[in-house]
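Shown next: start_11.cif, given as mmCIF, C-alpha atoms, pLDDT in the B column; chains and numbers go by the auth columns.
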data_query
loop_
_atom_site.group_PDB
_atom_site.id
_atom_site.type_symbol
_atom_site.label_atom_id
_atom_site.label_comp_id
_atom_site.label_asym_id
_atom_site.label_seq_id
_atom_site.Cartn_x
_atom_site.Cartn_y
_atom_site.Cartn_z
_atom_site.B_iso_or_equiv
_atom_site.auth_seq_id
_atom_site.auth_asym_id
ATOM 1 C CA MET A 1 0.000 0.000 0.000 40.00 8 A
ATOM 2 C CA ALA A 2 3.055 2.269 -0.372 36.00 9 A
ATOM 3 C CA ALA A 3 1.507 4.088 -3.321 38.00 10 A
ATOM 4 C CA GLN A 4 -1.582 4.880 -1.280 40.00 11 A
ATOM 5 C CA ALA A 5 0.529 6.125 1.627 39.00 12 A
ATOM 6 C CA GLN A 6 2.390 8.394 -0.792 38.00 13 A
ATOM 7 C CA ALA A 7 -0.912 9.633 -2.187 39.00 14 A
ATOM 8 C CA HIS A 8 -2.100 10.525 1.325 41.00 15 A
ATOM 9 C CA ALA A 9 1.139 12.372 1.956 36.00 16 A
ATOM 10 C CA GLN A 10 0.461 14.539 -1.078 38.00 17 A
ATOM 11 C CA GLY A 11 -2.668 15.923 0.579 45.00 18 A
ATOM 12 C CA ASN A 12 -6.294 15.987 -0.480 52.00 19 A
ATOM 13 C CA GLU A 13 -5.721 16.607 -4.195 53.00 20 A
ATOM 14 C CA ASN A 14 -4.343 14.530 -7.031 48.00 21 A
ATOM 15 C CA GLU A 15 -2.069 15.747 -9.814 49.00 22 A
ATOM 16 C CA ASP A 16 -4.967 17.441 -11.596 52.00 23 A
ATOM 17 C CA GLY A 17 -6.048 19.340 -8.495 59.00 24 A
ATOM 18 C CA GLU A 18 -9.041 17.045 -7.941 69.00 25 A
ATOM 19 C CA GLN A 19 -10.041 15.956 -4.455 96.00 26 A
ATOM 20 C CA TYR A 20 -10.219 12.235 -3.789 98.00 27 A
ATOM 21 C CA ILE A 21 -10.555 9.615 -1.085 98.00 28 A
ATOM 22 C CA THR A 22 -9.467 5.989 -0.919 98.00 29 A
ATOM 23 C CA LEU A 23 -12.329 3.606 -0.120 98.00 30 A
ATOM 24 C CA ALA A 24 -11.576 0.072 1.043 98.00 31 A
ATOM 25 C CA SER A 25 -14.526 -2.083 0.077 96.00 32 A
ATOM 26 C CA THR A 26 -15.571 -5.546 -0.975 92.00 33 A
ATOM 27 C CA THR A 27 -15.205 -7.400 -4.248 88.00 34 A
ATOM 28 C CA SER A 28 -18.997 -7.851 -4.334 87.00 35 A
ATOM 29 C CA THR A 29 -19.704 -4.126 -4.514 91.00 36 A
ATOM 30 C CA GLU A 30 -17.031 -3.734 -7.186 90.00 37 A
ATOM 31 C CA ASN A 31 -17.813 -6.853 -9.259 87.00 38 A
ATOM 32 C CA SER A 32 -21.525 -6.086 -9.367 91.00 39 A
ATOM 33 C CA GLY A 33 -20.961 -2.697 -11.005 94.00 40 A
ATOM 34 C CA LEU A 34 -22.535 -0.760 -8.120 96.00 41 A
ATOM 35 C CA PHE A 35 -19.652 1.670 -7.738 97.00 42 A
ATOM 36 C CA ASP A 36 -19.553 2.422 -11.460 97.00 43 A
ATOM 37 C CA ALA A 37 -23.185 3.462 -11.107 97.00 44 A
ATOM 38 C CA ILE A 38 -23.155 5.500 -7.895 98.00 45 A
ATOM 39 C CA ILE A 39 -19.696 7.039 -7.517 98.00 46 A
ATOM 40 C CA PRO A 40 -20.044 9.326 -10.576 98.00 47 A
ATOM 41 C CA GLN A 41 -23.228 10.733 -9.027 98.00 48 A
ATOM 42 C CA PHE A 42 -21.381 11.517 -5.796 98.00 49 A
ATOM 43 C CA THR A 43 -18.434 13.019 -7.696 98.00 50 A
ATOM 44 C CA ASP A 44 -20.738 15.192 -9.814 98.00 51 A
ATOM 45 C CA LYS A 45 -22.347 16.550 -6.642 97.00 52 A
ATOM 46 C CA THR A 46 -19.220 17.095 -4.535 98.00 53 A
ATOM 47 C CA GLY A 47 -16.216 17.126 -6.865 97.00 54 A
ATOM 48 C CA ILE A 48 -14.690 14.341 -4.749 98.00 55 A
ATOM 49 C CA GLU A 49 -13.280 11.312 -6.583 98.00 56 A
ATOM 50 C CA VAL A 50 -13.579 7.927 -4.856 98.00 57 A
ATOM 51 C CA ARG A 51 -10.774 5.471 -5.524 98.00 58 A
ATOM 52 C CA VAL A 52 -11.887 1.949 -4.624 98.00 59 A
ATOM 53 C CA VAL A 53 -9.590 -0.764 -3.297 97.00 60 A
ATOM 54 C CA ALA A 54 -11.769 -3.873 -3.717 94.00 61 A
ATOM 55 C CA VAL A 55 -10.664 -6.737 -1.472 94.00 62 A
ATOM 56 C CA GLY A 56 -12.218 -9.171 0.961 90.00 63 A
ATOM 57 C CA THR A 57 -13.742 -7.592 4.057 92.00 64 A
ATOM 58 C CA GLY A 58 -10.964 -8.949 6.304 93.00 65 A
ATOM 59 C CA GLN A 59 -8.332 -7.341 4.080 95.00 66 A
ATOM 60 C CA ALA A 60 -10.341 -4.104 3.972 96.00 67 A
ATOM 61 C CA PHE A 61 -10.253 -3.983 7.781 97.00 68 A
ATOM 62 C CA GLU A 62 -6.476 -4.460 7.738 97.00 69 A
ATOM 63 C CA ILE A 63 -5.971 -1.706 5.169 98.00 70 A
ATOM 64 C CA ALA A 64 -8.038 0.644 7.314 97.00 71 A
ATOM 65 C CA ARG A 65 -6.250 -0.370 10.529 97.00 72 A
ATOM 66 C CA ARG A 66 -2.954 0.606 8.886 97.00 73 A
ATOM 67 C CA GLY A 67 -4.364 3.993 7.917 97.00 74 A
ATOM 68 C CA ASP A 68 -4.238 3.287 4.180 98.00 75 A
ATOM 69 C CA ALA A 69 -7.927 4.012 3.513 98.00 76 A
ATOM 70 C CA ASP A 70 -10.081 7.029 4.263 98.00 77 A
ATOM 71 C CA SER A 71 -13.348 5.095 4.537 98.00 78 A
ATOM 72 C CA LEU A 72 -14.770 1.561 4.640 98.00 79 A
ATOM 73 C CA LEU A 73 -17.811 -0.048 3.022 98.00 80 A
ATOM 74 C CA VAL A 74 -17.970 -3.730 3.973 97.00 81 A
ATOM 75 C CA HIS A 75 -20.363 -6.514 5.000 96.00 82 A
ATOM 76 C CA ASP A 76 -19.534 -8.145 8.292 95.00 83 A
ATOM 77 C CA THR A 77 -21.584 -6.373 10.953 96.00 84 A
ATOM 78 C CA ALA A 78 -19.938 -8.159 13.890 95.00 85 A
ATOM 79 C CA GLY A 79 -16.476 -7.359 12.526 96.00 86 A
ATOM 80 C CA GLU A 80 -17.493 -3.761 11.847 97.00 87 A
ATOM 81 C CA GLU A 81 -18.723 -3.285 15.410 97.00 88 A
ATOM 82 C CA THR A 82 -15.454 -4.757 16.726 97.00 89 A
ATOM 83 C CA PHE A 83 -13.479 -2.408 14.458 98.00 90 A
ATOM 84 C CA VAL A 84 -15.271 0.593 15.992 98.00 91 A
ATOM 85 C CA ALA A 85 -15.063 -0.773 19.549 98.00 92 A
ATOM 86 C CA GLU A 86 -11.295 -1.184 19.183 97.00 93 A
ATOM 87 C CA GLY A 87 -11.016 2.506 18.338 98.00 94 A
ATOM 88 C CA TYR A 88 -10.210 2.220 14.647 98.00 95 A
ATOM 89 C CA GLY A 89 -13.582 3.514 13.500 98.00 96 A
ATOM 90 C CA SER A 90 -15.496 6.543 14.768 97.00 97 A
ATOM 91 C CA GLU A 91 -18.921 5.768 13.290 97.00 98 A
ATOM 92 C CA ARG A 92 -20.685 2.846 11.611 98.00 99 A
ATOM 93 C CA ALA A 93 -24.040 2.958 9.822 98.00 100 A
ATOM 94 C CA ASP A 94 -26.215 0.505 7.897 98.00 101 A
ATOM 95 C CA VAL A 95 -26.270 1.438 4.204 98.00 102 A
ATOM 96 C CA MET A 96 -27.914 -1.374 2.244 98.00 103 A
ATOM 97 C CA TYR A 97 -28.527 -5.114 2.179 98.00 104 A
ATOM 98 C CA ASN A 98 -29.056 -8.032 -0.146 97.00 105 A
ATOM 99 C CA ASP A 99 -28.660 -11.757 0.470 98.00 106 A
ATOM 100 C CA PHE A 100 -26.430 -14.737 -0.073 98.00 107 A
ATOM 101 C CA VAL A 101 -27.451 -17.616 -2.331 98.00 108 A
ATOM 102 C CA LEU A 102 -26.215 -21.158 -2.911 98.00 109 A
ATOM 103 C CA ILE A 103 -25.141 -21.897 -6.473 98.00 110 A
ATOM 104 C CA GLY A 104 -24.395 -25.309 -7.921 98.00 111 A
ATOM 105 C CA PRO A 105 -24.351 -27.498 -11.043 98.00 112 A
ATOM 106 C CA ASN A 106 -27.741 -27.754 -12.698 97.00 113 A
ATOM 107 C CA GLY A 107 -27.810 -31.497 -12.045 97.00 114 A
ATOM 108 C CA ASP A 108 -27.737 -30.712 -8.295 98.00 115 A
ATOM 109 C CA PRO A 109 -26.043 -33.979 -7.222 98.00 116 A
ATOM 110 C CA ALA A 110 -26.501 -33.173 -3.507 98.00 117 A
ATOM 111 C CA GLY A 111 -30.193 -32.318 -3.940 98.00 118 A
ATOM 112 C CA ILE A 112 -30.051 -28.971 -2.173 98.00 119 A
ATOM 113 C CA ALA A 113 -32.862 -27.447 -4.239 98.00 120 A
ATOM 114 C CA ASP A 114 -35.294 -29.446 -2.103 96.00 121 A
ATOM 115 C CA ALA A 115 -33.747 -28.380 1.222 98.00 122 A
ATOM 116 C CA GLU A 116 -35.959 -26.473 3.651 98.00 123 A
ATOM 117 C CA THR A 117 -33.125 -24.565 5.349 98.00 124 A
ATOM 118 C CA VAL A 118 -29.605 -23.492 4.457 98.00 125 A
ATOM 119 C CA SER A 119 -28.317 -25.756 7.254 98.00 126 A
ATOM 120 C CA GLN A 120 -29.981 -28.731 5.595 98.00 127 A
ATOM 121 C CA ALA A 121 -28.571 -27.696 2.206 98.00 128 A
ATOM 122 C CA LEU A 122 -25.031 -27.573 3.573 98.00 129 A
ATOM 123 C CA GLN A 123 -25.483 -30.892 5.360 98.00 130 A
ATOM 124 C CA LEU A 124 -26.570 -32.475 2.071 98.00 131 A
ATOM 125 C CA ILE A 125 -23.477 -31.128 0.297 98.00 132 A
ATOM 126 C CA ALA A 126 -21.211 -32.484 3.045 98.00 133 A
ATOM 127 C CA GLU A 127 -22.930 -35.875 3.115 98.00 134 A
ATOM 128 C CA ALA A 128 -22.573 -36.205 -0.653 98.00 135 A
ATOM 129 C CA GLU A 129 -18.987 -34.883 -0.479 98.00 136 A
ATOM 130 C CA ALA A 130 -19.952 -32.821 -3.509 98.00 137 A
ATOM 131 C CA PRO A 131 -17.275 -30.326 -4.605 98.00 138 A
ATOM 132 C CA PHE A 132 -17.685 -26.990 -2.839 98.00 139 A
ATOM 133 C CA ALA A 133 -15.658 -23.905 -3.768 98.00 140 A
ATOM 134 C CA SER A 134 -15.038 -21.607 -0.812 98.00 141 A
ATOM 135 C CA ARG A 135 -13.520 -18.161 -1.168 96.00 142 A
ATOM 136 C CA GLY A 136 -11.258 -18.921 1.784 96.00 143 A
ATOM 137 C CA ASP A 137 -10.109 -15.289 1.877 94.00 144 A
ATOM 138 C CA ASP A 138 -11.520 -13.941 5.172 93.00 145 A
ATOM 139 C CA SER A 139 -14.031 -11.869 3.204 93.00 146 A
ATOM 140 C CA GLY A 140 -17.468 -11.019 4.539 94.00 147 A
ATOM 141 C CA THR A 141 -18.884 -13.773 2.358 95.00 148 A
ATOM 142 C CA ASN A 142 -16.301 -16.275 3.607 96.00 149 A
ATOM 143 C CA ARG A 143 -16.962 -15.328 7.238 96.00 150 A
ATOM 144 C CA ALA A 144 -20.708 -15.754 6.694 97.00 151 A
ATOM 145 C CA GLU A 145 -20.164 -19.106 4.973 98.00 152 A
ATOM 146 C CA LEU A 146 -18.084 -20.434 7.878 98.00 153 A
ATOM 147 C CA ARG A 147 -20.741 -19.321 10.384 97.00 154 A
ATOM 148 C CA LEU A 148 -23.360 -21.205 8.359 98.00 155 A
ATOM 149 C CA TRP A 149 -21.288 -24.422 8.281 98.00 156 A
ATOM 150 C CA GLU A 150 -20.880 -24.160 12.057 98.00 157 A
ATOM 151 C CA ALA A 151 -24.608 -23.621 12.542 98.00 158 A
ATOM 152 C CA ALA A 152 -25.241 -26.681 10.368 98.00 159 A
ATOM 153 C CA GLY A 153 -22.980 -28.773 12.621 98.00 160 A
ATOM 154 C CA VAL A 154 -20.533 -29.419 9.787 98.00 161 A
ATOM 155 C CA GLU A 155 -16.772 -28.929 9.822 97.00 162 A
ATOM 156 C CA PRO A 156 -15.985 -28.700 6.102 97.00 163 A
ATOM 157 C CA GLY A 157 -12.765 -30.272 4.886 94.00 164 A
ATOM 158 C CA GLY A 158 -11.307 -33.004 2.770 94.00 165 A
ATOM 159 C CA GLU A 159 -10.894 -33.160 -0.974 96.00 166 A
ATOM 160 C CA TRP A 160 -14.452 -32.024 -1.675 98.00 167 A
ATOM 161 C CA TYR A 161 -13.992 -28.650 0.104 98.00 168 A
ATOM 162 C CA ARG A 162 -11.706 -26.297 -1.844 98.00 169 A
ATOM 163 C CA GLU A 163 -10.509 -23.097 -0.166 98.00 170 A
ATOM 164 C CA LEU A 164 -9.413 -20.840 -2.993 97.00 171 A
ATOM 165 C CA GLY A 165 -8.208 -17.620 -1.379 95.00 172 A
ATOM 166 C CA SER A 166 -9.809 -15.553 -4.145 93.00 173 A
ATOM 167 C CA GLY A 167 -12.492 -12.944 -4.697 90.00 174 A
ATOM 168 C CA MET A 168 -16.113 -13.671 -5.518 93.00 175 A
ATOM 169 C CA GLY A 169 -15.814 -13.423 -9.306 92.00 176 A
ATOM 170 C CA PRO A 170 -12.770 -15.724 -9.583 95.00 177 A
ATOM 171 C CA THR A 171 -14.373 -18.144 -7.107 96.00 178 A
ATOM 172 C CA LEU A 172 -17.487 -18.354 -9.269 97.00 179 A
ATOM 173 C CA ASN A 173 -15.284 -18.961 -12.315 97.00 180 A
ATOM 174 C CA THR A 174 -13.498 -21.791 -10.527 97.00 181 A
ATOM 175 C CA ALA A 175 -16.790 -23.277 -9.340 98.00 182 A
ATOM 176 C CA ALA A 176 -18.108 -23.164 -12.906 97.00 183 A
ATOM 177 C CA GLY A 177 -14.998 -24.933 -14.164 97.00 184 A
ATOM 178 C CA MET A 178 -15.235 -27.737 -11.597 96.00 185 A
ATOM 179 C CA ASP A 179 -19.058 -28.057 -11.388 97.00 186 A
ATOM 180 C CA ALA A 180 -18.896 -27.166 -7.705 98.00 187 A
ATOM 181 C CA TYR A 181 -21.330 -25.711 -5.226 98.00 188 A
ATOM 182 C CA VAL A 182 -20.499 -22.208 -4.017 98.00 189 A
ATOM 183 C CA MET A 183 -22.020 -19.509 -1.824 98.00 190 A
ATOM 184 C CA SER A 184 -22.222 -16.081 -3.430 97.00 191 A
ATOM 185 C CA ASP A 185 -23.733 -12.739 -2.690 95.00 192 A
ATOM 186 C CA ARG A 186 -26.681 -12.318 -5.028 95.00 193 A
ATOM 187 C CA ALA A 187 -25.309 -9.169 -6.670 94.00 194 A
ATOM 188 C CA THR A 188 -22.113 -10.787 -7.942 93.00 195 A
ATOM 189 C CA TRP A 189 -24.025 -13.866 -9.105 95.00 196 A
ATOM 190 C CA VAL A 190 -26.545 -11.841 -11.116 94.00 197 A
ATOM 191 C CA ALA A 191 -23.727 -9.840 -12.732 92.00 198 A
ATOM 192 C CA PHE A 192 -21.631 -12.970 -13.380 94.00 199 A
ATOM 193 C CA GLU A 193 -21.247 -13.654 -17.098 93.00 200 A
ATOM 194 C CA ASN A 194 -19.687 -17.136 -17.148 93.00 201 A
ATOM 195 C CA PRO A 195 -22.126 -19.467 -15.353 96.00 202 A
ATOM 196 C CA GLN A 196 -21.569 -22.464 -17.643 97.00 203 A
ATOM 197 C CA ASP A 197 -23.637 -25.230 -15.953 97.00 204 A
ATOM 198 C CA LEU A 198 -24.135 -23.371 -12.664 98.00 205 A
ATOM 199 C CA GLU A 199 -27.502 -22.124 -11.488 98.00 206 A
ATOM 200 C CA LEU A 200 -29.055 -20.700 -8.355 98.00 207 A
ATOM 201 C CA LEU A 201 -30.306 -23.681 -6.330 98.00 208 A
ATOM 202 C CA PHE A 202 -31.121 -22.392 -2.846 98.00 209 A
ATOM 203 C CA GLU A 203 -32.243 -18.983 -1.546 98.00 210 A
ATOM 204 C CA GLY A 204 -34.597 -17.318 0.881 97.00 211 A
ATOM 205 C CA ASP A 205 -33.421 -18.531 4.303 97.00 212 A
ATOM 206 C CA GLU A 206 -33.422 -15.549 6.689 97.00 213 A
ATOM 207 C CA THR A 207 -29.899 -16.452 7.836 97.00 214 A
ATOM 208 C CA LEU A 208 -28.671 -15.582 4.328 98.00 215 A
ATOM 209 C CA PHE A 209 -29.369 -11.866 4.982 97.00 216 A
ATOM 210 C CA ASN A 210 -26.354 -9.760 3.964 97.00 217 A
ATOM 211 C CA GLN A 211 -25.984 -6.290 5.527 97.00 218 A
ATOM 212 C CA TYR A 212 -23.482 -3.679 4.306 97.00 219 A
ATOM 213 C CA GLY A 213 -22.156 -0.883 6.510 98.00 220 A
ATOM 214 C CA SER A 214 -20.181 2.321 6.005 98.00 221 A
ATOM 215 C CA ILE A 215 -17.497 3.160 8.570 98.00 222 A
ATOM 216 C CA LEU A 216 -15.622 6.385 9.207 98.00 223 A
ATOM 217 C CA ILE A 217 -12.002 5.908 10.311 98.00 224 A
ATOM 218 C CA SER A 218 -10.944 7.369 13.655 98.00 225 A
ATOM 219 C CA ALA A 219 -9.317 10.798 13.325 97.00 226 A
ATOM 220 C CA GLU A 220 -7.611 10.200 16.665 97.00 227 A
ATOM 221 C CA ARG A 221 -6.060 6.935 15.460 96.00 228 A
ATOM 222 C CA HIS A 222 -5.159 8.200 11.969 98.00 229 A
ATOM 223 C CA PRO A 223 -5.111 12.024 11.886 97.00 230 A
ATOM 224 C CA HIS A 224 -3.449 12.089 8.434 97.00 231 A
ATOM 225 C CA LEU A 225 -6.532 10.767 6.630 98.00 232 A
ATOM 226 C CA LYS A 226 -9.057 12.857 4.689 98.00 233 A
ATOM 227 C CA HIS A 227 -11.754 12.794 7.326 98.00 234 A
ATOM 228 C CA ASP A 228 -13.759 15.729 5.960 98.00 235 A
ATOM 229 C CA LEU A 229 -13.949 14.277 2.446 98.00 236 A
ATOM 230 C CA ALA A 230 -14.673 10.778 3.784 98.00 237 A
ATOM 231 C CA GLY A 231 -17.421 12.246 5.959 98.00 238 A
ATOM 232 C CA GLN A 232 -19.069 13.733 2.895 98.00 239 A
ATOM 233 C CA TRP A 233 -19.037 10.320 1.187 98.00 240 A
ATOM 234 C CA HIS A 234 -20.426 8.623 4.292 98.00 241 A
ATOM 235 C CA GLN A 235 -23.235 11.149 4.670 98.00 242 A
ATOM 236 C CA TRP A 236 -24.078 10.992 0.966 98.00 243 A
ATOM 237 C CA LEU A 237 -24.487 7.201 1.162 98.00 244 A
ATOM 238 C CA LEU A 238 -26.950 7.695 4.018 98.00 245 A
ATOM 239 C CA SER A 239 -28.765 10.618 2.384 98.00 246 A
ATOM 240 C CA GLU A 240 -31.969 10.361 0.390 98.00 247 A
ATOM 241 C CA GLU A 241 -29.987 10.974 -2.801 98.00 248 A
ATOM 242 C CA GLY A 242 -27.403 8.283 -2.060 98.00 249 A
ATOM 243 C CA GLN A 243 -30.009 5.772 -0.970 98.00 250 A
ATOM 244 C CA GLN A 244 -31.974 6.447 -4.147 98.00 251 A
ATOM 245 C CA ALA A 245 -28.847 5.891 -6.263 98.00 252 A
ATOM 246 C CA ILE A 246 -28.263 2.528 -4.570 98.00 253 A
ATOM 247 C CA GLY A 247 -31.894 1.478 -5.026 98.00 254 A
ATOM 248 C CA ASP A 248 -31.905 2.513 -8.681 98.00 255 A
ATOM 249 C CA PHE A 249 -28.946 0.292 -9.574 98.00 256 A
ATOM 250 C CA THR A 250 -30.043 -2.805 -11.498 96.00 257 A
ATOM 251 C CA VAL A 251 -28.420 -5.547 -13.555 94.00 258 A
ATOM 252 C CA ASN A 252 -30.494 -7.465 -16.091 90.00 259 A
ATOM 253 C CA GLY A 253 -33.560 -5.746 -14.676 94.00 260 A
ATOM 254 C CA GLN A 254 -32.877 -6.918 -11.113 94.00 261 A
ATOM 255 C CA GLN A 255 -32.315 -4.594 -8.165 96.00 262 A
ATOM 256 C CA LEU A 256 -29.187 -5.905 -6.448 95.00 263 A
ATOM 257 C CA PHE A 257 -28.915 -3.776 -3.298 97.00 264 A
ATOM 258 C CA PHE A 258 -31.699 -2.496 -1.061 98.00 265 A
ATOM 259 C CA PRO A 259 -31.038 0.755 0.811 98.00 266 A
ATOM 260 C CA ASN A 260 -31.818 0.669 4.522 98.00 267 A
ATOM 261 C CA ALA A 261 -30.027 3.605 6.164 98.00 268 A
ATOM 262 C CA GLU A 262 -31.912 4.852 9.222 88.00 269 A
#
Rewrite the structure from the file as structure tokens, please.
Amino acid sequence: MAAQAQAHAQGNENEDGEQYITLASTTSTENSGLFDAIIPQFTDKTGIEVRVVAVGTGQAFEIARRGDADSLLVHDTAGEETFVAEGYGSERADVMYNDFVLIGPNGDPAGIADAETVSQALQLIAEAEAPFASRGDDSGTNRAELRLWEAAGVEPGGEWYRELGSGMGPTLNTAAGMDAYVMSDRATWVAFENPQDLELLFEGDETLFNQYGSILISAERHPHLKHDLAGQWHQWLLSEEGQQAIGDFTVNGQQLFFPNAE
């Protein structure tokens, strides 16, 4: 992140005199196309450019802890609350939500399409030892997946469970190539253009709810960051205009994120 640290040292403006912030966020918000839709609206209103570093949520936290990001937009509410409680963040707010879904080969060898709960679906995959592609990258999706395995009473492992250490898009590509089951956020799945024989097989369990939050970084912990500019981004996301921009974003006619700022 040396380049970002150098950019911060240069102040609030880039070489063209434009103001910008660095936003650490998730691969799901980037891969879905959401930022391409909403950031230009924010920039048009404020003149502030938003430079996105799209990584897993765990990596986003680490970037912010080091002081290499001005703001966070991630999806691990428990982790976000811990981040603030530890003094790294000064404010956290709900921004939007969608849900996770289970994807798999259209032949559905584990029979999860008939499952009544996500726990049952995961148990069926484990019992069948059907290939399952896990992001394995400490992302918000990966953290949620591991919580769901635990709730199902399953400790995934063995040759059938592949931890890839990659983002959502590459994980879906790998799953498509190996006819594997995979858990995805709905937004990345809908925007995914290489499904091959994969299809959505299980959805709708309330435990698949996926909340996104915006976090301001502590000025006391990292006084060098662009707290005023980041605050404008944070407030815009929560504003009627920002919430409308999020709700208006669609892919293939489907709304992918649902604004729910209080």
>> List as a list of chain:residue names the protein and nucleic acid residues near range 151-161 of chain A, meaning an atom at most 8 Å away when only C-alpha atoms are counted, but skip any in the same chain fewer than 3 places from it.
In response: A:Asp83, A:Val125, A:Ser126, A:Gln127, A:Leu129, A:Gln130, A:Ala133, A:Gly147, A:Thr148, A:Met190
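For the file at hand, the PyMOL selection byres ((chain A and resi 202) around 9) resolves to Leu179, Asn180, Ala182, Ala183, Trp196, Phe199, Glu200, Asn201, Gln203, Asp204, Leu205 and Glu206 of chain A.
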Enclose all atoms of range 210-216 of chain A listed in the file in an axis-aligned box, grow every side by 6 Å, and hand back centre and edge lengths in Å to one decimal, as lines of an AutoDock Vina configuration file.
center_x = -31.6
center_y = -15.4
center_z = 3.1
size_x = 17.9
size_y = 19.1
size_z = 21.4
>> Show me, as a list in words, the residues that have an atom within 10 Å of Gly172 in chain A when counting only C-alpha atoms, minus same-chain residues fewer than 4 positions from it.
In response: Gly63, Ser141, Arg142, Gly143, Asp144, Asp145, Ser146, Asn149, Pro177 and Thr178 of chain A
Residues of range 203-251 of chain A that have any atom at most 10 Å from an atom of range 261-264 of chain A: could you tabulate them with the shortest-distance atom pair and the distance in Å to one decimal, using all atoms listed in the file, ordered by chain and increasing number, as JSON lines?
{"residue": "A:Asn217", "atom": "CA", "partner": "A:Phe264", "partner_atom": "CA", "distance": 9.8}
{"residue": "A:Gln218", "atom": "CA", "partner": "A:Phe264", "partner_atom": "CA", "distance": 9.6}
{"residue": "A:Tyr219", "atom": "CA", "partner": "A:Phe264", "partner_atom": "CA", "distance": 9.3}
{"residue": "A:Gln250", "atom": "CA", "partner": "A:Phe264", "partner_atom": "CA", "distance": 9.9}
How would the residues just chosen look if you wrote them out with C-alpha atoms as a compact mmCIF listing (two decimals), in the frame of the given file?
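File produced: part-v6.txt:
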# COMPACT_ATOMS: atom_id res chain seq x y z
CA ASN A 217 -26.35 -9.76 3.96
CA GLN A 218 -25.98 -6.29 5.53
CA TYR A 219 -23.48 -3.68 4.31
CA GLN A 250 -30.01 5.77 -0.97
>> Using the chain letters and numbers from this file, what does the PyMOL selection byres ((chain A and resi 254) around 9) select? Give the answer as JSON, numbers by chain.
In response: {"A": [103, 249, 250, 251, 252, 253, 255, 256, 257, 262, 263, 264, 265, 266]}
>> With the PyMOL selection byres ((chain A and resi 192) around 9) as the selection, what would be picked from this file? Answer as an NGL selection string, please.
In response: :A and (35 or 105-109 or 148 or 175 or 190-191 or 193-197 or 217)
> Could you state the separation of CA of Ala268 in chain A and CA of Ala61 in chain A in Å, given to one decimal place?
Replying inline: 22.1 Å
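Checking A:Ile222, A:Val189, A:Ile45, A:Val91 one by one against Ser32 in chain A, counting all atoms listed in the file, you find the shortest gap at A:Ile222.
The space separating CA of Thr36 in chain A from CA of Ala100 in chain A comes to 16.6 Å.
Shortest atom-to-atom contact with Val102 in chain A among A:Lys52, A:Arg58, A:Arg169, A:His241: A:His241, counting all atoms listed in the file.
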> Separation of CA of Glu210 in chain A and CA of Glu87 in chain A, in Å?
Replying inline: 25.1 Å
> Of the candidates A:Ser78, A:Asn113, A:Thr34, A:Thr84, which one gets nearest to Ser97 in chain A if we count all atoms listed in the file?
Replying inline: A:Ser78
>> Just want the 9 Å neighbourhood of range 231-238 of chain A, counted on only C-alpha atoms, with same-chain residues fewer than 5 positions away dropped. Output as a ChimeraX atom specification.
In response: /A:15-16,18-19,26-30,55,74-78,223-226,243
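Nearest residue to Arg150 in chain A among A:Thr64, A:Asn267, A:Gly220, A:Thr89 is A:Thr64, counting only C-alpha atoms.
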> Given the choices A:Glu56, A:Asp212, A:Ala140, A:Gly118, which gets closest to Gly174 in chain A if the distance is worked out from only C-alpha atoms?
Replying inline: A:Ala140
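For the choices A:Pro163, A:Gly96, A:Gly184, A:Gly86, the atom-to-atom distance to Glu227 in chain A is smallest for A:Gly96 when using all atoms listed in the file.
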> Near Ile46 in chain A, counting all atoms listed in the file, which residues have an atom at most 8 Å away, once you skip same-chain residues fewer than 3 positions from it, shown as an NGL selection string?
Replying inline: :A and (42-43 or 49-50 or 56-57)
